[in-house]
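Comments concern the structure below.
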Amino acid sequence: MDAFGPRLSFFFNAHNDFFEEIAKYRAARRLYASLMRERFGAKLDRSLMLRFHTQTGGSTLTAQQPEVNVVRVALQALAAVLGGTQSLHTNGQDEALSLPSERAASIALRTQQVIAFESGVTAEPDPLGGSEYVERLTAEIERGAREYIRQIDALGGTLTAIETGFVQNEIQTAAYRYQKAVEDGRQVVVGVNKFQSEEAEPPKPFRVDPGLERRQIARLHAVRAGRSETDVAATRQRLEQAARGTENLLPRILECCRAQVTVGEISDTLRTVFGEYREGF
């Protein structure tokens, strides 16, 4: 485990419940260190460190009153920083409508910069540690996570849990409960089910210049015209053979990239072996 443990990293979302999000990251870090030490025998300190990137939650953004999303993103980003994230992506205010506009992307970047350089919260690595409320939430989330691990172990492991639909069902059930709470008014979403207002002018979604699409297609045609189709076929064949065995696929994928095999062609090659995922329930 210590041979590759220090290189592992993870990806989290940040949502709106400020203290719960902070506790979530703290619980994840604590749980990860315990599992790496107790379950997998890691000994190096670097193997026990949970490195993670955080993106603010796209599903929390609203098409109604999109300017309010700036506030949501700021709270989510601050929670991630207070919880110990190593890197951060802040969503644009208009991403419930379209790809972010240049102005929205700029405000999202400035949000990070205000947190990093003006707020002072980066002075301590765990500034809320010791708070009775945050510590209690952290412990509750860790206990809940350990219960999930126990259930998954009892099912036979993660693959079995996915194949039997356990994981998908838990996600869908949580999503249903949240949506039901929104529709019943028990979960307030500003501008959606409370504090609505008539928009004087509907926000204008970002539109990609059709010329960009045409130029990208032309570039793709040029790449295909200039590459060796013999090399393409050979590297794709070796990738397929590796996928049918137990060989590490990454070197074969890199080999395909060097032969200018496209991402779509690489994906198609892997689909011939693995097919496409379909929910089993």
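Note on naming: chains are A, B, ... as they come in the structure tokens, residues start from 1 per chain, ligands start from 1 in the order shown.
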Which neighbours of Val70 of chain A fall inside 12 Å, counting only C-alpha atoms, when residues of the same chain fewer than 5 positions from it are skipped, and could you give them as a list of chain:residue names?
A:Thr56, A:Thr60, A:Leu61, A:Thr62, A:Gln65, A:Leu75, A:Gln76, A:Ala77, A:Thr90, A:Asn91, A:Gly92, A:Gln93, A:Asp94, A:Glu95, A:Arg103, A:Ala104, A:Ala105, A:Ser106, A:Ile107, A:Ala108, A:Leu109, A:Arg110, A:Thr111, A:Gln112
Per residue of segment 82-187 of chain A within 7 Å of segment 37-53 of chain A, note the shortest atom pair and the distance in Å to one decimal, counting only C-alpha atoms, and order the rows by chain and increasing residue number, as CSV.
residue,atom,partner,partner_atom,distance
A:Thr85,CA,A:Phe52,CA,5.8
A:Gln86,CA,A:Phe52,CA,5.8
A:Ser87,CA,A:His53,CA,4.7
A:Leu88,CA,A:His53,CA,5.7
Go ahead and write the residues just picked, N, CA and C atoms, as a CSV table (one decimal), in the first residue's frame.
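The resulting result-v3.csv:
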chain,number,residue,atom,x,y,z
A,85,THR,N,-9.8,20.9,1.8
A,85,THR,CA,-9.5,20.6,0.4
A,85,THR,C,-8.1,21.1,-0.1
A,86,GLN,N,-7.5,20.3,-1.0
A,86,GLN,CA,-6.2,20.7,-1.5
A,86,GLN,C,-6.4,21.6,-2.8
A,87,SER,N,-7.5,21.4,-3.5
A,87,SER,CA,-7.7,22.2,-4.7
A,87,SER,C,-9.2,22.4,-4.9
A,88,LEU,N,-9.6,23.3,-5.7
A,88,LEU,CA,-11.0,23.8,-5.7
A,88,LEU,C,-11.4,24.2,-7.1
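Every protein, DNA or RNA residue with an atom at most 12 Å from Tyr148 of chain A, where only C-alpha atoms count and chain neighbours fewer than 3 positions away do not, is listed here: A:Ile141, A:Glu142, A:Arg143, A:Gly144, A:Ala145, A:Gln151, A:Ile152, A:Asp153, A:Ala154, A:Leu155, A:Gly157, A:Thr158, A:Ala161, A:Phe166, A:Val167, A:Glu170.
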May I have the selected residues written with C-alpha atoms, as a compact mmCIF listing (two decimals), in the first residue's frame?
# COMPACT_ATOMS: atom_id res chain seq x y z
CA ILE A 141 -20.90 11.34 9.53
CA GLU A 142 -17.99 9.00 10.21
CA ARG A 143 -20.30 6.57 11.99
CA GLY A 144 -22.71 6.69 9.06
CA ALA A 145 -19.90 6.05 6.59
CA GLN A 151 -23.28 -3.08 4.64
CA ILE A 152 -21.16 -3.16 1.49
CA ASP A 153 -18.77 -5.67 3.05
CA ALA A 154 -21.75 -7.84 4.02
CA LEU A 155 -22.95 -7.79 0.42
CA GLY A 157 -17.80 -5.80 -1.66
CA THR A 158 -18.24 -2.76 -3.86
CA ALA A 161 -23.03 -3.71 -4.27
CA PHE A 166 -27.49 -1.24 -3.79
CA VAL A 167 -25.34 1.82 -4.50
CA GLU A 170 -29.16 4.56 -2.12
In terms of the shortest atom-to-atom distance over only C-alpha atoms, which of A:Leu35, A:Ala234, A:Val121, A:Cys257 is closest to Ala80 of chain A?
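Answer, going by the shortest atom-to-atom distance: A:Val121.
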Could you write out, as number ranges by chain, all the residues of segment 19-262 of chain A that DSSP marks as helix (DSSP H, G or I)?
A: 19-38, 45-48, 58-60, 66-83, 102-117, 121-123, 132-155, 158-163, 166-184, 210-226, 229-244, 249-258
Expressed in Å to a single decimal, how great is the separation between atom CA of Thr269 of chain A and atom CA of Glu255 of chain A?
13.5 Å
Distance table requested - segment 106-151 of chain A against segment 12-31 of chain A, cut-off 12 Å, only C-alpha atoms: one row per qualifying residue with the closest atom pair and its distance in Å to one decimal, ordered by chain and rising residue number, as CSV.
residue,atom,partner,partner_atom,distance
A:Pro125,CA,A:Arg26,CA,11.0
A:Asp126,CA,A:Arg26,CA,8.7
A:Pro127,CA,A:Ile22,CA,10.6
A:Leu128,CA,A:Ile22,CA,8.7
A:Gly129,CA,A:Arg26,CA,9.0
A:Gly130,CA,A:Ala23,CA,11.7
A:Ser131,CA,A:Phe19,CA,10.6
A:Glu132,CA,A:Ala23,CA,11.4
A:Tyr133,CA,A:Phe19,CA,8.3
A:Val134,CA,A:Ala23,CA,5.9
A:Glu135,CA,A:Ala23,CA,7.3
A:Arg136,CA,A:Ala23,CA,8.5
A:Leu137,CA,A:Ala23,CA,5.7
A:Thr138,CA,A:Ala23,CA,4.4
A:Ala139,CA,A:Ala27,CA,6.8
A:Glu140,CA,A:Ala27,CA,8.6
A:Ile141,CA,A:Ala27,CA,6.3
A:Glu142,CA,A:Ala27,CA,5.2
A:Arg143,CA,A:Ala27,CA,8.9
A:Gly144,CA,A:Ala27,CA,10.0
A:Ala145,CA,A:Leu31,CA,8.3
A:Arg146,CA,A:Leu31,CA,8.2
A:Glu147,CA,A:Leu31,CA,11.9
A:Ile149,CA,A:Leu31,CA,10.9
Compile the contact shell of segment 259-267 of chain A as an MDAnalysis selection string: residues with an atom at most 6 Å away, counting only C-alpha atoms, same-chain residues fewer than 3 positions apart removed.
chainID A and resid 232 256 270
Restricting the calculation to only C-alpha atoms: of A:Val192, A:Leu78, A:Ile217, A:Leu159, which residue gets closest to Gln179 of chain A?
A:Val192
From the set A:Val68, A:Ala242, A:Ala222, A:Met36, which residue has the shortest atom-to-atom contact distance to Gly5 of chain A, counting only C-alpha atoms?
A:Met36
Can you list, as a VMD selection string, all residues belonging to segment 67-278 of chain A that DSSP tags as strand (DSSP E or B)?
chain A and resid 87 to 89 190 194
A:Pro205, A:Pro6, A:Ala243, A:Ile162 ranked by distance to Ala33 of chain A, top pick (using only C-alpha atoms)
A:Pro6
Atom CA of Arg72 of chain A to atom CA of Arg207 of chain A, distance in Å rounded to a single decimal
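Going from atom CA of Arg72 of chain A over to atom CA of Arg207 of chain A covers 23.9 Å.
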So how many Å separate atom CA of Thr173 of chain A and atom CA of Glu276 of chain A, to one decimal?
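If I compute the distance from atom CA of Thr173 of chain A to atom CA of Glu276 of chain A, I get 23.6 Å.
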